[in-house]
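> File name upload18.cif; file contents mmCIF, C-alpha atoms; full text below.
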```cif
data_coords
#
loop_
_atom_site.label_atom_id
_atom_site.label_comp_id
_atom_site.auth_asym_id
_atom_site.auth_seq_id
_atom_site.Cartn_x
_atom_site.Cartn_y
_atom_site.Cartn_z
CA MET A 1 -61.54 -49.32 -42.97
CA SER A 2 -58.67 -49.76 -40.51
CA SER A 3 -59.28 -50.87 -36.97
CA PRO A 4 -58.61 -48.67 -33.91
CA ALA A 5 -55.63 -50.88 -33.09
CA ALA A 6 -54.09 -50.26 -36.53
CA GLN A 7 -54.63 -46.49 -36.19
CA ALA A 8 -52.92 -46.52 -32.82
CA LYS A 9 -49.90 -48.23 -34.39
CA THR A 10 -49.63 -45.75 -37.30
CA THR A 11 -50.33 -42.52 -35.34
CA PRO A 12 -47.26 -41.41 -33.33
CA LYS A 13 -47.85 -40.68 -29.68
CA PRO A 14 -47.39 -37.08 -28.40
CA GLU A 15 -44.44 -38.25 -26.30
CA GLY A 16 -42.82 -39.71 -29.42
CA ARG A 17 -43.29 -36.51 -31.40
CA LEU A 18 -41.81 -34.46 -28.57
CA ARG A 19 -38.84 -36.81 -28.28
CA SER A 20 -38.28 -36.66 -32.05
CA TRP A 21 -38.49 -32.84 -32.10
CA THR A 22 -36.11 -32.60 -29.13
CA ARG A 23 -33.63 -34.94 -30.78
CA LYS A 24 -33.73 -32.88 -33.98
CA HIS A 25 -33.73 -29.33 -32.55
CA GLY A 26 -32.46 -29.78 -29.01
CA PHE A 27 -28.94 -28.51 -29.72
CA GLN A 28 -30.18 -25.37 -31.49
CA VAL A 29 -32.55 -24.59 -28.61
CA SER A 30 -29.85 -25.19 -25.99
CA VAL A 31 -27.61 -22.67 -27.79
CA LEU A 32 -30.19 -20.04 -28.75
CA VAL A 33 -32.12 -19.80 -25.48
CA PRO A 34 -29.14 -18.65 -23.34
CA VAL A 35 -27.96 -16.26 -26.07
CA LEU A 36 -31.40 -14.72 -26.56
CA SER A 37 -31.97 -14.52 -22.80
CA LEU A 38 -28.67 -12.75 -22.19
CA GLY A 39 -29.25 -10.47 -25.16
CA PHE A 40 -32.69 -9.57 -23.89
CA ILE A 41 -31.32 -8.80 -20.41
CA PHE A 42 -28.21 -6.87 -21.42
CA VAL A 43 -29.87 -4.93 -24.25
CA TYR A 44 -33.55 -4.38 -23.59
CA GLY A 45 -33.23 -4.82 -19.85
CA PHE A 46 -30.55 -2.14 -19.58
CA ILE A 47 -32.48 0.17 -21.90
CA ALA A 48 -35.50 -0.18 -19.61
CA TYR A 49 -33.30 0.41 -16.55
CA SER A 50 -31.82 3.55 -18.14
CA GLY A 51 -35.35 4.77 -18.80
CA ARG A 52 -36.22 4.17 -15.16
CA VAL A 53 -33.15 6.05 -13.96
CA SER A 54 -33.97 8.95 -16.31
CA ILE A 55 -37.19 9.74 -14.42
CA SER A 56 -35.64 9.29 -10.97
CA ARG A 57 -33.91 11.59 -8.49
CA TRP A 58 -30.56 9.80 -8.69
CA GLN A 59 -27.79 12.39 -8.34
CA GLY A 60 -24.72 11.27 -6.50
CA ILE A 61 -22.99 7.99 -5.72
CA LEU A 62 -25.85 6.37 -3.82
CA PRO A 63 -28.74 5.17 -6.01
CA ASN A 64 -32.05 6.98 -5.58
CA LEU A 65 -34.74 5.55 -7.84
CA LYS A 66 -37.62 7.57 -6.40
CA VAL A 67 -39.63 9.06 -9.25
CA ALA A 68 -39.08 12.78 -9.77
CA ASP A 69 -42.00 15.17 -9.31
CA PRO A 70 -43.24 15.51 -11.99
CA TRP A 71 -41.79 12.43 -13.64
CA TYR A 72 -40.76 14.30 -16.80
CA SER A 73 -38.94 17.07 -14.90
CA VAL A 74 -35.50 15.63 -15.74
CA TYR A 75 -36.28 15.72 -19.46
CA ASP A 76 -37.75 19.20 -19.16
CA LYS A 77 -34.61 20.48 -17.47
CA LEU A 78 -32.44 18.65 -20.00
CA ILE A 79 -34.11 20.20 -23.04
CA HIS A 80 -33.72 23.66 -21.49
CA THR A 81 -29.98 23.16 -20.90
CA ALA A 82 -27.93 25.28 -23.29
CA ARG A 83 -25.19 22.66 -23.62
CA PHE A 84 -27.59 19.88 -24.59
CA GLN A 85 -29.31 22.18 -27.08
CA ALA A 86 -25.89 22.75 -28.64
CA ASP A 87 -25.29 18.99 -28.62
CA LEU A 88 -28.48 18.28 -30.54
CA ARG A 89 -27.68 21.02 -33.05
CA ASN A 90 -24.16 19.69 -33.52
CA ILE A 91 -25.14 16.04 -33.91
CA PHE A 92 -27.81 16.82 -36.52
CA ILE A 93 -25.39 18.97 -38.52
CA PHE A 94 -22.57 16.46 -38.11
CA THR A 95 -24.79 13.58 -39.27
CA ALA A 96 -26.16 15.45 -42.28
CA LEU A 97 -22.74 16.65 -43.47
CA LEU A 98 -21.11 13.27 -42.83
CA LEU A 99 -23.76 11.47 -44.88
CA LEU A 100 -23.38 13.97 -47.71
CA PHE A 101 -19.58 13.91 -47.85
CA ALA A 102 -19.12 10.17 -47.18
CA ILE A 103 -21.72 9.14 -49.77
CA LEU A 104 -20.31 11.44 -52.44
CA LEU A 105 -16.74 10.34 -51.68
CA GLY A 106 -17.68 6.66 -51.58
CA LEU A 107 -19.67 6.89 -54.81
CA ALA A 108 -16.84 8.68 -56.63
CA LEU A 109 -14.25 6.15 -55.46
CA ALA A 110 -16.52 3.21 -56.31
CA LEU A 111 -17.09 4.46 -59.86
CA LEU A 112 -13.37 5.09 -60.36
CA ILE A 113 -12.39 1.62 -59.11
CA HIS A 114 -15.23 -0.12 -60.95
CA ASN A 115 -14.08 1.38 -64.23
CA ALA A 116 -10.36 1.04 -63.56
CA LEU A 117 -8.54 -1.14 -66.05
CA VAL A 118 -5.54 -1.96 -63.85
CA ALA A 119 -4.77 -2.22 -60.11
CA SER A 120 -8.41 -1.99 -59.04
CA GLY A 121 -7.77 -4.42 -56.16
CA PHE A 122 -4.84 -2.33 -54.93
CA PHE A 123 -6.82 0.92 -54.90
CA ARG A 124 -9.79 -0.79 -53.28
CA THR A 125 -7.53 -1.85 -50.40
CA VAL A 126 -5.92 1.59 -50.13
CA PHE A 127 -9.24 3.44 -49.95
CA LEU A 128 -10.77 0.92 -47.53
CA LEU A 129 -7.76 0.93 -45.18
CA PRO A 130 -8.83 4.03 -43.16
CA TYR A 131 -12.01 2.19 -42.11
CA ALA A 132 -9.83 -0.37 -40.31
CA LEU A 133 -8.35 2.30 -38.05
CA SER A 134 -9.67 3.18 -34.62
CA PHE A 135 -11.60 6.44 -34.31
CA ILE A 136 -9.17 7.38 -31.55
CA VAL A 137 -6.23 7.08 -33.95
CA THR A 138 -8.09 9.06 -36.57
CA GLY A 139 -8.97 11.75 -34.05
CA VAL A 140 -5.38 12.15 -32.83
CA VAL A 141 -3.95 12.41 -36.36
CA TRP A 142 -6.56 14.82 -37.64
CA ARG A 143 -6.32 16.89 -34.45
CA TRP A 144 -2.69 17.58 -35.35
CA ILE A 145 -3.65 18.41 -38.95
CA PHE A 146 -6.34 20.91 -37.91
CA THR A 147 -4.57 22.53 -34.97
CA PRO A 148 -4.04 26.15 -36.12
CA SER A 149 -0.33 26.21 -35.21
CA THR A 150 0.54 23.00 -37.09
CA GLY A 151 -0.58 20.74 -39.89
CA ALA A 152 -2.66 22.35 -42.61
CA ASN A 153 -1.87 25.92 -41.54
CA ALA A 154 1.86 25.25 -41.79
CA ILE A 155 1.34 24.37 -45.46
CA LEU A 156 -0.86 27.42 -46.01
CA LYS A 157 1.76 29.65 -44.38
CA HIS A 158 4.40 28.20 -46.68
CA VAL A 159 2.36 29.28 -49.74
CA GLY A 160 1.74 32.76 -48.32
CA ILE A 161 -1.62 32.40 -46.53
CA ASP A 162 -1.07 33.68 -42.99
CA PRO A 163 -2.92 33.60 -40.68
CA GLY A 164 -4.79 30.50 -41.75
CA PRO A 165 -8.23 29.31 -40.61
CA LYS A 166 -8.84 28.61 -36.91
CA TRP A 167 -10.19 25.15 -37.76
CA ILE A 168 -11.18 23.24 -34.58
CA THR A 169 -10.70 26.34 -32.39
CA ASP A 170 -13.15 28.53 -34.32
CA PRO A 171 -16.22 29.40 -32.17
CA THR A 172 -18.12 30.98 -35.07
CA VAL A 173 -21.63 29.70 -35.83
CA ALA A 174 -22.50 30.46 -39.45
CA GLY A 175 -26.03 31.00 -40.74
CA ASP A 176 -27.82 31.61 -37.44
CA VAL A 177 -31.58 31.14 -37.89
CA SER A 178 -32.64 31.39 -34.25
CA ALA A 179 -34.64 34.59 -34.77
CA ALA A 180 -36.49 33.06 -37.74
CA LEU A 181 -37.30 29.91 -35.75
CA GLU A 182 -38.83 31.97 -32.94
CA LYS A 183 -41.17 33.64 -35.45
CA VAL A 184 -42.14 30.44 -37.30
CA ILE A 185 -42.28 27.88 -34.45
CA PRO A 186 -44.42 28.77 -31.42
CA GLY A 187 -42.53 28.30 -28.15
CA ALA A 188 -39.09 28.24 -29.80
CA ASP A 189 -37.97 31.15 -27.60
CA PHE A 190 -36.54 28.65 -25.07
CA ILE A 191 -33.59 28.04 -27.44
CA GLN A 192 -30.51 29.57 -25.83
CA ILE A 193 -27.98 28.95 -28.60
CA LYS A 194 -27.32 30.00 -32.17
CA MET A 195 -29.04 27.62 -34.59
CA GLY A 196 -26.49 27.52 -37.37
CA ILE A 197 -23.44 25.57 -38.52
CA PRO A 198 -20.51 25.66 -36.08
CA LEU A 199 -17.40 26.05 -38.22
CA ALA A 200 -15.33 24.04 -35.73
CA ILE A 201 -17.33 20.89 -36.50
CA ILE A 202 -16.45 20.90 -40.21
CA PRO A 203 -12.91 19.51 -39.60
CA VAL A 204 -14.50 16.70 -37.57
CA VAL A 205 -16.81 15.96 -40.50
CA ILE A 206 -13.81 15.85 -42.84
CA ALA A 207 -11.98 13.39 -40.57
CA ALA A 208 -15.05 11.16 -40.23
CA SER A 209 -15.72 11.26 -43.99
CA TRP A 210 -12.11 10.27 -44.68
CA GLN A 211 -12.46 7.23 -42.43
CA LEU A 212 -15.97 6.14 -43.43
CA GLY A 213 -15.81 6.98 -47.13
CA GLY A 214 -14.13 3.63 -47.79
CA PHE A 215 -17.02 1.83 -46.11
CA ALA A 216 -19.49 3.60 -48.40
CA MET A 217 -17.25 2.77 -51.37
CA ALA A 218 -17.29 -0.96 -50.51
CA ASN A 219 -21.11 -0.98 -50.42
CA PHE A 220 -21.38 0.86 -53.73
CA LEU A 221 -18.82 -1.46 -55.35
CA ALA A 222 -20.87 -4.47 -54.28
CA ALA A 223 -23.98 -2.88 -55.80
CA LEU A 224 -22.18 -1.94 -59.02
CA GLY A 225 -21.05 -5.55 -59.39
CA THR A 226 -24.68 -6.68 -59.60
CA ILE A 227 -25.51 -4.43 -62.57
CA PRO A 228 -25.50 -6.51 -65.78
CA PRO A 229 -23.02 -5.20 -68.38
CA GLU A 230 -25.73 -5.69 -71.00
CA LEU A 231 -27.44 -2.55 -69.68
CA HIS A 232 -24.41 -0.47 -70.64
CA GLU A 233 -24.36 -2.00 -74.11
CA ALA A 234 -28.10 -1.39 -74.54
CA ALA A 235 -27.74 2.22 -73.39
CA SER A 236 -24.88 2.75 -75.83
CA LEU A 237 -26.93 1.33 -78.68
CA ASP A 238 -29.77 3.70 -77.78
CA GLY A 239 -27.37 6.64 -78.08
CA ALA A 240 -27.05 7.42 -74.37
CA SER A 241 -23.86 9.19 -73.32
CA THR A 242 -21.76 8.02 -70.39
CA MET A 243 -23.22 10.69 -68.10
CA GLN A 244 -26.77 9.78 -69.13
CA TYR A 245 -26.07 6.09 -68.49
CA TYR A 246 -24.83 6.74 -64.98
CA ARG A 247 -27.52 9.30 -64.19
CA LYS A 248 -30.53 7.42 -65.56
CA VAL A 249 -29.47 3.78 -65.17
CA VAL A 250 -26.73 3.32 -62.58
CA LEU A 251 -27.81 5.81 -59.92
CA PRO A 252 -31.43 4.54 -59.72
CA LEU A 253 -30.10 0.99 -59.34
CA LEU A 254 -27.84 2.15 -56.50
CA ARG A 255 -30.71 3.51 -54.39
CA PRO A 256 -30.94 0.40 -52.15
CA ALA A 257 -27.20 0.61 -51.47
CA VAL A 258 -27.52 4.32 -50.70
CA MET A 259 -30.27 3.56 -48.18
CA VAL A 260 -28.09 0.95 -46.48
CA VAL A 261 -25.19 3.42 -46.25
CA VAL A 262 -27.47 6.18 -44.92
CA VAL A 263 -28.82 3.94 -42.16
CA LEU A 264 -25.46 2.47 -41.13
CA LEU A 265 -23.49 5.72 -41.22
CA GLY A 266 -26.40 7.67 -39.79
CA HIS A 267 -26.60 5.61 -36.61
CA ILE A 268 -22.78 5.67 -36.29
CA ALA A 269 -22.83 9.47 -36.53
CA LEU A 270 -25.62 9.86 -33.97
CA LYS A 271 -23.63 7.78 -31.46
CA SER A 272 -20.33 9.59 -32.08
CA PHE A 273 -18.05 9.85 -29.09
CA ASP A 274 -14.47 8.60 -29.50
CA LEU A 275 -13.59 10.57 -32.66
CA VAL A 276 -14.90 13.83 -31.23
CA TYR A 277 -13.35 13.15 -27.82
CA ALA A 278 -9.90 12.47 -29.28
CA MET A 279 -9.95 15.21 -31.88
CA VAL A 280 -11.41 18.28 -30.20
CA GLY A 281 -13.69 17.47 -27.23
CA GLN A 282 -16.38 19.99 -26.36
CA GLY A 283 -14.79 22.67 -28.50
CA PRO A 284 -15.08 26.43 -28.06
CA GLY A 285 -18.54 27.33 -26.77
CA PHE A 286 -19.66 23.68 -27.15
CA ALA A 287 -19.17 24.07 -30.90
CA THR A 288 -18.21 20.40 -31.30
CA ASP A 289 -19.90 18.88 -28.27
CA VAL A 290 -22.16 15.88 -28.92
CA PRO A 291 -24.69 13.94 -26.79
CA GLY A 292 -22.18 11.13 -26.19
CA LEU A 293 -19.77 13.54 -24.51
CA PHE A 294 -22.64 15.06 -22.53
CA VAL A 295 -23.66 11.64 -21.18
CA PHE A 296 -20.07 10.82 -20.21
CA ASP A 297 -19.45 14.13 -18.43
CA THR A 298 -22.85 14.28 -16.74
CA MET A 299 -22.83 10.74 -15.38
CA PHE A 300 -19.19 9.98 -14.61
CA ARG A 301 -17.84 13.42 -13.78
CA ALA A 302 -20.79 15.36 -12.39
CA GLY A 303 -22.57 12.32 -10.90
CA LYS A 304 -25.99 13.35 -12.27
CA TYR A 305 -27.09 9.87 -13.26
CA ASN A 306 -30.71 10.78 -13.97
CA THR A 307 -29.72 13.57 -16.37
CA GLY A 308 -27.14 11.40 -18.08
CA ALA A 309 -29.64 8.54 -18.44
CA ALA A 310 -32.20 10.94 -19.90
CA ALA A 311 -29.65 12.11 -22.48
CA SER A 312 -28.83 8.50 -23.36
CA ILE A 313 -32.54 7.75 -23.88
CA VAL A 314 -32.72 10.73 -26.24
CA MET A 315 -29.77 9.26 -28.17
CA PHE A 316 -31.52 5.89 -28.27
CA VAL A 317 -34.68 7.49 -29.69
CA LEU A 318 -32.68 9.33 -32.36
CA VAL A 319 -30.98 6.11 -33.45
CA ALA A 320 -34.31 4.26 -33.43
CA ILE A 321 -35.84 6.92 -35.69
CA VAL A 322 -33.11 6.16 -38.24
CA VAL A 323 -32.99 2.35 -37.93
CA LEU A 324 -36.59 1.24 -37.31
CA PRO A 325 -38.13 2.53 -40.59
CA TYR A 326 -35.42 0.70 -42.52
CA LEU A 327 -36.05 -2.54 -40.61
CA HIS A 328 -39.80 -2.18 -41.09
CA ARG A 329 -39.36 -1.62 -44.82
CA ASN A 330 -37.05 -4.58 -45.31
CA PHE A 331 -38.60 -7.20 -43.04
CA VAL A 332 -42.25 -6.40 -42.42
CA LYS A 333 -43.19 -5.24 -45.91
CA GLU A 334 -41.23 -8.00 -47.63
CA GLU A 335 -43.13 -10.64 -45.66
CA LYS A 336 -46.42 -9.18 -46.85
#
```
For this file, write the structure as structure tokens.


Amino acid sequence: MSSPAAQAKTTPKPEGRLRSWTRKHGFQVSVLVPVLSLGFIFVYGFIAYSGRVSISRWQGILPNLKVADPWYSVYDKLIHTARFQADLRNIFIFTALLLLFAILLGLALALLIHNALVASGFFRTVFLLPYALSFIVTGVVWRWIFTPSTGANAILKHVGIDPGPKWITDPTVAGDVSAALEKVIPGADFIQIKMGIPLAIIPVVIAASWQLGGFAMANFLAALGTIPPELHEAASLDGASTMQYYRKVVLPLLRPAVMVVVVLLGHIALKSFDLVYAMVGQGPGFATDVPGLFVFDTMFRAGKYNTGAAASIVMFVLVAIVVLPYLHRNFVKEEK
């Protein structure tokens, strides 16, 4: 049995352990602590401050952080505003159509490139190139294409179709279900707009799908590259056709990639501002207006900071609804 003196020599002192840990991890801590502190302040701190402003009486240049009476009155007024109701309708429709078109386009391009025998690298670059452009550039170009007096209508007129569609100037809302909602959902009579698909937003969806389809393609190509070629050989030996192989083998294996694309493109769509601003703006009868434009106009043009902050918090909640379940599924459940 060792003596107390021998144990004291073999057991490191707390000061020695601390000095050793500091020597080993001191640089990482000195880098991470400032970064995490600044991130916490400029992300979560500003989100909290926006939430505080959203329940205040701040309208005008001078700050007024006194709590409104009642505190939720700003949100209540916001949800009863016809323009913001149109914004929520538009952003939900825009997001759903963008996800549908971009995923289908990206999947089709990925399958074509994956099975291409020659020049696959060239076509991959060509189809991914639009994603490198600014949304402002995309909006300006596609605005010219979908202006009724130029672009697409000039081609249609040349082949004998005149007048052509109104495109981004069309105020029509197709498939209005407002009356049905009032019968099914109690209290839905506060809706002041037509709950349908604004036709003017479809050109914006086309422009966004053109730009983001390459991003979806890149994700699907990466997923296709992980599928062992032996599966194709085994399916062929079992008598499966090409369509059956892709439908029953490839598509199920692409589900994780589809979820990634849905989350990434979904939160981009919900935060849309620059593409819509450059391409069409509010549109006829707020047919293409989105919450991002509402926040910009309300805060920096009308000076209603509490209303603009409330709209930004609504945007934050919408994005969180899309992102948080994915993060929970990938990080929390995997640890268990």

> Given the file shown, determine the residues that the PyMOL selection byres ((chain A and resi 76) around 12) selects; report them as a PyMOL selection string.

chain A and resi 54-55+68-75+77-81+84-85+190+307+310-311

> Env of segment 251-266 of chain A: 8 Å cut, atoms = all atoms listed in the file, seq-sep filter 4 positions within chain, self excluded. Answer as a PyMOL selection string.

chain A and resi 95+99+103+212+216+219-220+223-224+227+246-247+270+319+322-323+326

> Restricted to C-alpha atoms, what would the selected residues look like written as a PDB file, keeping the file's coordinate frame?


```pdb
ATOM      1  CA  THR A  95     -24.790  13.580 -39.270  1.00  0.00           C
ATOM      2  CA  LEU A  99     -23.760  11.470 -44.880  1.00  0.00           C
ATOM      3  CA  ILE A 103     -21.720   9.140 -49.770  1.00  0.00           C
ATOM      4  CA  LEU A 212     -15.970   6.140 -43.430  1.00  0.00           C
ATOM      5  CA  ALA A 216     -19.490   3.600 -48.400  1.00  0.00           C
ATOM      6  CA  ASN A 219     -21.110  -0.980 -50.420  1.00  0.00           C
ATOM      7  CA  PHE A 220     -21.380   0.860 -53.730  1.00  0.00           C
ATOM      8  CA  ALA A 223     -23.980  -2.880 -55.800  1.00  0.00           C
ATOM      9  CA  LEU A 224     -22.180  -1.940 -59.020  1.00  0.00           C
ATOM     10  CA  ILE A 227     -25.510  -4.430 -62.570  1.00  0.00           C
ATOM     11  CA  TYR A 246     -24.830   6.740 -64.980  1.00  0.00           C
ATOM     12  CA  ARG A 247     -27.520   9.300 -64.190  1.00  0.00           C
ATOM     13  CA  LEU A 270     -25.620   9.860 -33.970  1.00  0.00           C
ATOM     14  CA  VAL A 319     -30.980   6.110 -33.450  1.00  0.00           C
ATOM     15  CA  VAL A 322     -33.110   6.160 -38.240  1.00  0.00           C
ATOM     16  CA  VAL A 323     -32.990   2.350 -37.930  1.00  0.00           C
ATOM     17  CA  TYR A 326     -35.420   0.700 -42.520  1.00  0.00           C
TER      18      TYR A 326
END
```

> How would you write, as a list in words, the residues chosen by the PyMOL selection byres ((chain A and resi 138) around 9) on this structure?

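Taken on the displayed file, the PyMOL selection byres ((chain A and resi 138) around 9) yields the residues Pro130, Leu133, Ser134, Phe135, Ile136, Val137, Gly139, Val140, Val141, Trp142, Arg143, Ala207, Ala208, Gln211, Leu275, Ala278 and Met279 of chain A.
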
> Provide the atom CA of Ile185 of chain A to atom CA of Gly308 of chain A distance in Å, to one decimal place.

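These atoms are spaced 27.7 Å apart.
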
> Could you name the residues that touch Asn115 of chain A at 12 Å or less, counting only C-alpha atoms, but leaving out those on the same chain fewer than 5 positions away, as a short mmCIF file (atom, residue, chain, number, x, y, z; two decimals) with C-alpha atoms, in the frame of the given file?


```
data_model
loop_
_atom_site.label_atom_id
_atom_site.label_comp_id
_atom_site.auth_asym_id
_atom_site.auth_seq_id
_atom_site.Cartn_x
_atom_site.Cartn_y
_atom_site.Cartn_z
CA ALA A 108 -16.84 8.68 -56.63
CA LEU A 109 -14.25 6.15 -55.46
CA ALA A 110 -16.52 3.21 -56.31
CA SER A 120 -8.41 -1.99 -59.04
CA GLY A 121 -7.77 -4.42 -56.16
CA PHE A 123 -6.82 0.92 -54.90
CA ARG A 124 -9.79 -0.79 -53.28
CA LEU A 221 -18.82 -1.46 -55.35
CA LEU A 224 -22.18 -1.94 -59.02
CA GLY A 225 -21.05 -5.55 -59.39
CA PRO A 229 -23.02 -5.20 -68.38
CA THR A 242 -21.76 8.02 -70.39
#
```

> Choose the residue, out of A:Trp144, A:Tyr49, A:Trp167, A:Phe296, that has the smallest atom-to-atom separation from Leu199 of chain A; count all atoms listed in the file.

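Once distances to Leu199 of chain A are computed over all atoms listed in the file, the minimum belongs to A:Trp167.
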
> Starting from the shown file, work through the PyMOL selection byres ((chain A and resi 96) around 12) and note down what comes out as an MDAnalysis selection string.

chainID A and resid 89:95 97:103 197 201:202 205 209 262:263 265:270

> Expressed in Å to a single decimal, how great is the separation between atom CA of Leu107 of chain A and atom CA of Ala132 of chain A?

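One can read the atom CA of Leu107 of chain A to atom CA of Ala132 of chain A distance as 19.0 Å.
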
> Using all atoms listed in the file, find the one residue out of A:Met315, A:Thr22, A:Pro203, A:Lys304 that sits nearest to Gly292 of chain A.

A:Met315

> Suppose you want the space between atom CA of Ile145 of chain A and atom CA of Phe273 of chain A; what is it in Å?

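One can read the atom CA of Ile145 of chain A to atom CA of Phe273 of chain A distance as 19.4 Å.
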
> Which one is closest to Ser178 of chain A: A:Ile155, A:Lys271, A:Lys194, A:Lys166? Count only C-alpha atoms.

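Nearest candidate to Ser178 of chain A out of A:Ile155, A:Lys271, A:Lys194, A:Lys166: A:Lys194.
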
> Please, could all heavy atoms be added to segment 254-261 of chain A and the result written as a PDB file, keeping the file's coordinate frame?


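Result written to out.pdb:
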```pdb
ATOM      1  N   LEU A 254     -28.637   2.077 -57.727  1.00  0.00           N
ATOM      2  CA  LEU A 254     -27.840   2.150 -56.500  1.00  0.00           C
ATOM      3  C   LEU A 254     -28.650   2.657 -55.301  1.00  0.00           C
ATOM      4  O   LEU A 254     -28.097   2.773 -54.204  1.00  0.00           O
ATOM      5  CB  LEU A 254     -26.630   3.064 -56.703  1.00  0.00           C
ATOM      6  CG  LEU A 254     -25.525   2.549 -57.621  1.00  0.00           C
ATOM      7  CD1 LEU A 254     -24.404   3.577 -57.710  1.00  0.00           C
ATOM      8  CD2 LEU A 254     -24.985   1.215 -57.138  1.00  0.00           C
ATOM      9  N   ARG A 255     -29.912   2.964 -55.493  1.00  0.00           N
ATOM     10  CA  ARG A 255     -30.710   3.510 -54.390  1.00  0.00           C
ATOM     11  C   ARG A 255     -30.767   2.585 -53.175  1.00  0.00           C
ATOM     12  O   ARG A 255     -30.646   3.040 -52.037  1.00  0.00           O
ATOM     13  CB  ARG A 255     -32.118   3.830 -54.882  1.00  0.00           C
ATOM     14  CG  ARG A 255     -32.180   5.091 -55.733  1.00  0.00           C
ATOM     15  CD  ARG A 255     -33.580   5.330 -56.274  1.00  0.00           C
ATOM     16  NE  ARG A 255     -33.625   6.482 -57.157  1.00  0.00           N
ATOM     17  CZ  ARG A 255     -34.681   6.817 -57.892  1.00  0.00           C
ATOM     18  NH1 ARG A 255     -35.788   6.079 -57.814  1.00  0.00           N
ATOM     19  NH2 ARG A 255     -34.640   7.877 -58.669  1.00  0.00           N
ATOM     20  N   PRO A 256     -30.965   1.264 -53.340  1.00  0.00           N
ATOM     21  CA  PRO A 256     -30.940   0.400 -52.150  1.00  0.00           C
ATOM     22  C   PRO A 256     -29.617   0.457 -51.398  1.00  0.00           C
ATOM     23  O   PRO A 256     -29.598   0.471 -50.157  1.00  0.00           O
ATOM     24  CB  PRO A 256     -31.201  -1.000 -52.731  1.00  0.00           C
ATOM     25  CG  PRO A 256     -31.926  -0.755 -54.003  1.00  0.00           C
ATOM     26  CD  PRO A 256     -31.342   0.496 -54.548  1.00  0.00           C
ATOM     27  N   ALA A 257     -28.504   0.507 -52.124  1.00  0.00           N
ATOM     28  CA  ALA A 257     -27.200   0.610 -51.470  1.00  0.00           C
ATOM     29  C   ALA A 257     -27.054   1.945 -50.749  1.00  0.00           C
ATOM     30  O   ALA A 257     -26.479   2.018 -49.658  1.00  0.00           O
ATOM     31  CB  ALA A 257     -26.077   0.436 -52.484  1.00  0.00           C
ATOM     32  N   VAL A 258     -27.578   3.004 -51.348  1.00  0.00           N
ATOM     33  CA  VAL A 258     -27.520   4.320 -50.700  1.00  0.00           C
ATOM     34  C   VAL A 258     -28.312   4.300 -49.392  1.00  0.00           C
ATOM     35  O   VAL A 258     -27.867   4.847 -48.376  1.00  0.00           O
ATOM     36  CB  VAL A 258     -28.063   5.409 -51.651  1.00  0.00           C
ATOM     37  CG1 VAL A 258     -28.201   6.735 -50.914  1.00  0.00           C
ATOM     38  CG2 VAL A 258     -27.133   5.574 -52.849  1.00  0.00           C
ATOM     39  N   MET A 259     -29.478   3.651 -49.400  1.00  0.00           N
ATOM     40  CA  MET A 259     -30.270   3.560 -48.180  1.00  0.00           C
ATOM     41  C   MET A 259     -29.537   2.798 -47.087  1.00  0.00           C
ATOM     42  O   MET A 259     -29.568   3.187 -45.913  1.00  0.00           O
ATOM     43  CB  MET A 259     -31.617   2.889 -48.484  1.00  0.00           C
ATOM     44  CG  MET A 259     -32.574   3.739 -49.285  1.00  0.00           C
ATOM     45  SD  MET A 259     -32.933   5.318 -48.483  1.00  0.00           S
ATOM     46  CE  MET A 259     -33.592   4.758 -46.919  1.00  0.00           C
ATOM     47  N   VAL A 260     -28.863   1.719 -47.467  1.00  0.00           N
ATOM     48  CA  VAL A 260     -28.090   0.950 -46.480  1.00  0.00           C
ATOM     49  C   VAL A 260     -26.990   1.825 -45.887  1.00  0.00           C
ATOM     50  O   VAL A 260     -26.777   1.846 -44.663  1.00  0.00           O
ATOM     51  CB  VAL A 260     -27.496  -0.304 -47.138  1.00  0.00           C
ATOM     52  CG1 VAL A 260     -26.502  -0.987 -46.201  1.00  0.00           C
ATOM     53  CG2 VAL A 260     -28.599  -1.276 -47.520  1.00  0.00           C
ATOM     54  N   VAL A 261     -26.270   2.559 -46.722  1.00  0.00           N
ATOM     55  CA  VAL A 261     -25.190   3.420 -46.250  1.00  0.00           C
ATOM     56  C   VAL A 261     -25.731   4.531 -45.350  1.00  0.00           C
ATOM     57  O   VAL A 261     -25.140   4.864 -44.316  1.00  0.00           O
ATOM     58  CB  VAL A 261     -24.409   4.008 -47.438  1.00  0.00           C
ATOM     59  CG1 VAL A 261     -23.403   5.053 -46.971  1.00  0.00           C
ATOM     60  CG2 VAL A 261     -23.689   2.902 -48.197  1.00  0.00           C
TER      61      VAL A 261
END
```
